[in-house]
Amino acid sequence: MDDRTQDLREALRAALHEDPSVRQEAAIRLGTLAGPATAGELVALLVSEPDFFVRESLTWAVVRQSEAALPHLLRALEGGAPSRVQVLHALSKIQDPSAVERILPLADDPDPAVAAKAWWALGRTGTSEAVPALMAHLGDPDEAAGTSC
């Protein structure tokens, strides 16, 4: 086993540590070391991470593997509201038009945080398919609610 593989395995173990500062450091290491083969593990860590700052670093790590991570992110949209918000946040950074079809139903989600993040993700794709969903919420006073991850 080479040093990079060993470092990656150590970072994946550290990402499960109870101390958020250890997980934060591991997330940064994973963003540097991880490759497309680890995209599924990165997304799994992202949707299960309770700490905001660690989630942001894991989002960065996932976005660095955007092509490989996209199918895992789209599957993760089927999870609960907190993880859907984070997944939509990552999708908004990836800006892949092929995700629009999966994001569209979430623009009308009963959870305002999920709906707001879906609007944001749709707007960042720049596709014409997103326009009707975005227009339906134009001027909505709740639009800004729930936009943080």
# chains A, B, ... in the order shown; residues from 1 in each chain; ligands from 1
>>> select_by_dssp(residues="chain A", states="helix (DSSP H, G or I)", output="number ranges by chain")
A: 3-14, 20-33, 36-48, 52-64, 66-76, 81-94, 97-108, 112-125, 128-136
>>> residues_around(residues="Ser48 of chain A", least_positions_apart="2", cutoff="12 Å", atoms="only C-alpha atoms", output="VMD selection string")
chain A and resid 15 to 16 41 to 46 50 to 52 54 to 55 58 to 59 76 79 to 87
>>> closest_atom_pairs(of="segment 22-71 of chain A", to="segment 93-96 of chain A", cutoff="10 Å", atoms="only C-alpha atoms", output="Markdown table")
| residue | atom | partner | partner_atom | distance |
| --- | --- | --- | --- | --- |
| A:Thr59 | CA | A:Lys93 | CA | 8.8 |
| A:Trp60 | CA | A:Lys93 | CA | 8.9 |
| A:Val62 | CA | A:Ile94 | CA | 9.3 |
| A:Val63 | CA | A:Ile94 | CA | 6.2 |
| A:Arg64 | CA | A:Ile94 | CA | 8.9 |
| A:Gln65 | CA | A:Ile94 | CA | 9.4 |
| A:Ser66 | CA | A:Ile94 | CA | 6.2 |
| A:Glu67 | CA | A:Ile94 | CA | 8.6 |
| A:Ala69 | CA | A:Ile94 | CA | 9.6 |
| A:Leu70 | CA | A:Ile94 | CA | 8.3 |
>>> atom_distance(atom1="atom CA of Gly123 of chain A", atom2="atom CA of His89 of chain A")
12.0 Å
>>> residues_around(residues="segment 129-135 of chain A", least_positions_apart="3", cutoff="8 Å", atoms="only C-alpha atoms", output="number ranges by chain")
A: 100, 104, 107, 119, 122-123, 125-126, 138
>>> residues_around(residues="Ala14 of chain A", least_positions_apart="5", cutoff="12 Å", atoms="only C-alpha atoms", output="short mmCIF file (atom, residue, chain, number, x, y, z; two decimals) with C-alpha atoms, in the first residue's frame")
data_model
loop_
_atom_site.label_atom_id
_atom_site.label_comp_id
_atom_site.auth_asym_id
_atom_site.auth_seq_id
_atom_site.Cartn_x
_atom_site.Cartn_y
_atom_site.Cartn_z
CA ASP A 7 -3.16 8.70 4.33
CA LEU A 8 -6.58 8.42 2.69
CA ARG A 9 -7.57 5.49 4.92
CA ASP A 19 -14.27 15.38 18.13
CA PRO A 20 -15.47 17.87 15.46
CA SER A 21 -12.01 19.45 15.17
CA VAL A 22 -10.55 16.05 14.25
CA ARG A 23 -13.36 15.52 11.72
CA GLN A 24 -12.73 19.02 10.33
CA GLU A 25 -9.06 18.26 9.73
CA ALA A 26 -10.01 14.90 8.20
CA ALA A 27 -12.49 16.57 5.84
CA ILE A 28 -9.79 18.91 4.59
CA ARG A 29 -7.38 16.00 4.12
CA LEU A 30 -10.08 14.06 2.27
CA LEU A 45 -19.98 11.44 5.41
#
>>> closest_residue(among="A:Ser92, A:Thr5, A:Thr38, A:Ser128", to="Ala116 of chain A", atoms="only C-alpha atoms")
A:Ser92
>>> closest_residue(among="A:Ala99, A:Leu12, A:Ala61, A:Ala90", to="Thr127 of chain A", atoms="only C-alpha atoms")
A:Ala99
>>> residues_around(residues="Leu106 of chain A", least_positions_apart="2", cutoff="6 Å", atoms="only C-alpha atoms", output="list in words")
Ile103, Leu104, Asp108, Asp109, Ala115 and Ala118 of chain A
>>> write_last_selection(atoms="C-alpha atoms", output="PDB file, in the first residue's frame")
ATOM      1  CA  ILE A 103     -34.250  19.013  -7.905  1.00  0.00           C
ATOM      2  CA  LEU A 104     -37.492  20.390  -9.401  1.00  0.00           C
ATOM      3  CA  ASP A 108     -42.343  22.805  -3.576  1.00  0.00           C
ATOM      4  CA  ASP A 109     -41.171  20.794  -0.576  1.00  0.00           C
ATOM      5  CA  ALA A 115     -37.540  24.380  -0.851  1.00  0.00           C
ATOM      6  CA  ALA A 118     -33.823  23.791  -4.138  1.00  0.00           C
TER       7      ALA A 118
END
>>> decode(residues="segment 45-133 of chain A", atoms="C-alpha atoms", output="PDB file, in the first residue's frame")
ATOM      1  CA  LEU A  45     -19.978  11.440   5.413  1.00  0.00           C
ATOM      2  CA  LEU A  46     -21.521  14.699   4.202  1.00  0.00           C
ATOM      3  CA  VAL A  47     -25.133  13.677   4.819  1.00  0.00           C
ATOM      4  CA  SER A  48     -24.399  12.240   8.251  1.00  0.00           C
ATOM      5  CA  GLU A  49     -22.169  15.054   9.585  1.00  0.00           C
ATOM      6  CA  PRO A  50     -23.781  17.018  12.441  1.00  0.00           C
ATOM      7  CA  ASP A  51     -21.291  19.924  12.572  1.00  0.00           C
ATOM      8  CA  PHE A  52     -21.858  22.871  10.204  1.00  0.00           C
ATOM      9  CA  PHE A  53     -18.158  23.657   9.655  1.00  0.00           C
ATOM     10  CA  VAL A  54     -17.230  20.037   9.015  1.00  0.00           C
ATOM     11  CA  ARG A  55     -20.149  19.771   6.543  1.00  0.00           C
ATOM     12  CA  GLU A  56     -18.816  22.796   4.665  1.00  0.00           C
ATOM     13  CA  SER A  57     -15.384  21.184   4.337  1.00  0.00           C
ATOM     14  CA  LEU A  58     -16.961  17.904   3.268  1.00  0.00           C
ATOM     15  CA  THR A  59     -19.035  19.820   0.712  1.00  0.00           C
ATOM     16  CA  TRP A  60     -15.788  21.201  -0.702  1.00  0.00           C
ATOM     17  CA  ALA A  61     -14.345  17.662  -0.826  1.00  0.00           C
ATOM     18  CA  VAL A  62     -17.467  16.339  -2.580  1.00  0.00           C
ATOM     19  CA  VAL A  63     -17.544  19.180  -5.117  1.00  0.00           C
ATOM     20  CA  ARG A  64     -13.909  18.451  -6.021  1.00  0.00           C
ATOM     21  CA  GLN A  65     -15.185  15.026  -7.165  1.00  0.00           C
ATOM     22  CA  SER A  66     -18.324  16.479  -8.771  1.00  0.00           C
ATOM     23  CA  GLU A  67     -18.679  14.106 -11.708  1.00  0.00           C
ATOM     24  CA  ALA A  68     -18.214  10.983  -9.588  1.00  0.00           C
ATOM     25  CA  ALA A  69     -20.219  12.423  -6.670  1.00  0.00           C
ATOM     26  CA  LEU A  70     -23.271  13.496  -8.696  1.00  0.00           C
ATOM     27  CA  PRO A  71     -25.051  10.095  -8.766  1.00  0.00           C
ATOM     28  CA  HIS A  72     -24.438   9.664  -5.022  1.00  0.00           C
ATOM     29  CA  LEU A  73     -25.785  13.146  -4.304  1.00  0.00           C
ATOM     30  CA  LEU A  74     -28.888  12.514  -6.388  1.00  0.00           C
ATOM     31  CA  ARG A  75     -29.566   9.286  -4.461  1.00  0.00           C
ATOM     32  CA  ALA A  76     -29.030  11.156  -1.189  1.00  0.00           C
ATOM     33  CA  LEU A  77     -31.886  13.530  -2.082  1.00  0.00           C
ATOM     34  CA  GLU A  78     -34.190  10.736  -0.947  1.00  0.00           C
ATOM     35  CA  GLY A  79     -32.996  11.219   2.657  1.00  0.00           C
ATOM     36  CA  GLY A  80     -34.446  13.386   5.399  1.00  0.00           C
ATOM     37  CA  ALA A  81     -34.722  17.176   5.357  1.00  0.00           C
ATOM     38  CA  PRO A  82     -31.369  18.097   6.967  1.00  0.00           C
ATOM     39  CA  SER A  83     -29.399  15.897   4.598  1.00  0.00           C
ATOM     40  CA  ARG A  84     -31.435  17.101   1.592  1.00  0.00           C
ATOM     41  CA  VAL A  85     -30.522  20.695   2.410  1.00  0.00           C
ATOM     42  CA  GLN A  86     -26.834  19.817   2.472  1.00  0.00           C
ATOM     43  CA  VAL A  87     -27.091  17.745  -0.705  1.00  0.00           C
ATOM     44  CA  LEU A  88     -28.861  20.605  -2.476  1.00  0.00           C
ATOM     45  CA  HIS A  89     -26.123  22.922  -1.246  1.00  0.00           C
ATOM     46  CA  ALA A  90     -23.504  20.676  -2.867  1.00  0.00           C
ATOM     47  CA  LEU A  91     -25.573  20.387  -6.048  1.00  0.00           C
ATOM     48  CA  SER A  92     -25.829  24.182  -6.235  1.00  0.00           C
ATOM     49  CA  LYS A  93     -22.042  24.333  -6.267  1.00  0.00           C
ATOM     50  CA  ILE A  94     -21.718  21.624  -8.920  1.00  0.00           C
ATOM     51  CA  GLN A  95     -24.330  23.334 -11.154  1.00  0.00           C
ATOM     52  CA  ASP A  96     -24.926  20.273 -13.312  1.00  0.00           C
ATOM     53  CA  PRO A  97     -27.988  20.772 -15.549  1.00  0.00           C
ATOM     54  CA  SER A  98     -28.648  17.015 -15.511  1.00  0.00           C
ATOM     55  CA  ALA A  99     -29.677  17.336 -11.826  1.00  0.00           C
ATOM     56  CA  VAL A 100     -32.557  19.734 -12.555  1.00  0.00           C
ATOM     57  CA  GLU A 101     -35.139  16.975 -13.026  1.00  0.00           C
ATOM     58  CA  ARG A 102     -34.366  15.578  -9.555  1.00  0.00           C
ATOM     59  CA  ILE A 103     -34.250  19.013  -7.905  1.00  0.00           C
ATOM     60  CA  LEU A 104     -37.492  20.390  -9.401  1.00  0.00           C
ATOM     61  CA  PRO A 105     -39.918  18.498  -7.106  1.00  0.00           C
ATOM     62  CA  LEU A 106     -38.069  19.849  -4.068  1.00  0.00           C
ATOM     63  CA  ALA A 107     -38.872  23.459  -5.029  1.00  0.00           C
ATOM     64  CA  ASP A 108     -42.343  22.805  -3.576  1.00  0.00           C
ATOM     65  CA  ASP A 109     -41.171  20.794  -0.576  1.00  0.00           C
ATOM     66  CA  PRO A 110     -43.180  21.404   2.605  1.00  0.00           C
ATOM     67  CA  ASP A 111     -39.927  22.050   4.485  1.00  0.00           C
ATOM     68  CA  PRO A 112     -39.061  25.701   3.750  1.00  0.00           C
ATOM     69  CA  ALA A 113     -35.320  25.072   4.165  1.00  0.00           C
ATOM     70  CA  VAL A 114     -35.395  22.303   1.537  1.00  0.00           C
ATOM     71  CA  ALA A 115     -37.540  24.380  -0.851  1.00  0.00           C
ATOM     72  CA  ALA A 116     -35.309  27.453  -0.509  1.00  0.00           C
ATOM     73  CA  LYS A 117     -32.145  25.455  -1.129  1.00  0.00           C
ATOM     74  CA  ALA A 118     -33.823  23.791  -4.138  1.00  0.00           C
ATOM     75  CA  TRP A 119     -34.656  27.233  -5.596  1.00  0.00           C
ATOM     76  CA  TRP A 120     -31.043  28.260  -5.088  1.00  0.00           C
ATOM     77  CA  ALA A 121     -29.726  25.092  -6.743  1.00  0.00           C
ATOM     78  CA  LEU A 122     -32.158  25.455  -9.660  1.00  0.00           C
ATOM     79  CA  GLY A 123     -31.172  29.069 -10.202  1.00  0.00           C
ATOM     80  CA  ARG A 124     -27.503  28.149 -10.337  1.00  0.00           C
ATOM     81  CA  THR A 125     -27.994  25.557 -13.088  1.00  0.00           C
ATOM     82  CA  GLY A 126     -29.002  28.214 -15.607  1.00  0.00           C
ATOM     83  CA  THR A 127     -31.408  25.903 -17.422  1.00  0.00           C
ATOM     84  CA  SER A 128     -34.726  26.908 -18.944  1.00  0.00           C
ATOM     85  CA  GLU A 129     -36.415  23.911 -17.248  1.00  0.00           C
ATOM     86  CA  ALA A 130     -35.851  25.603 -13.883  1.00  0.00           C
ATOM     87  CA  VAL A 131     -37.536  28.892 -14.843  1.00  0.00           C
ATOM     88  CA  PRO A 132     -41.195  27.909 -14.189  1.00  0.00           C
ATOM     89  CA  ALA A 133     -40.388  26.636 -10.687  1.00  0.00           C
TER      90      ALA A 133
END
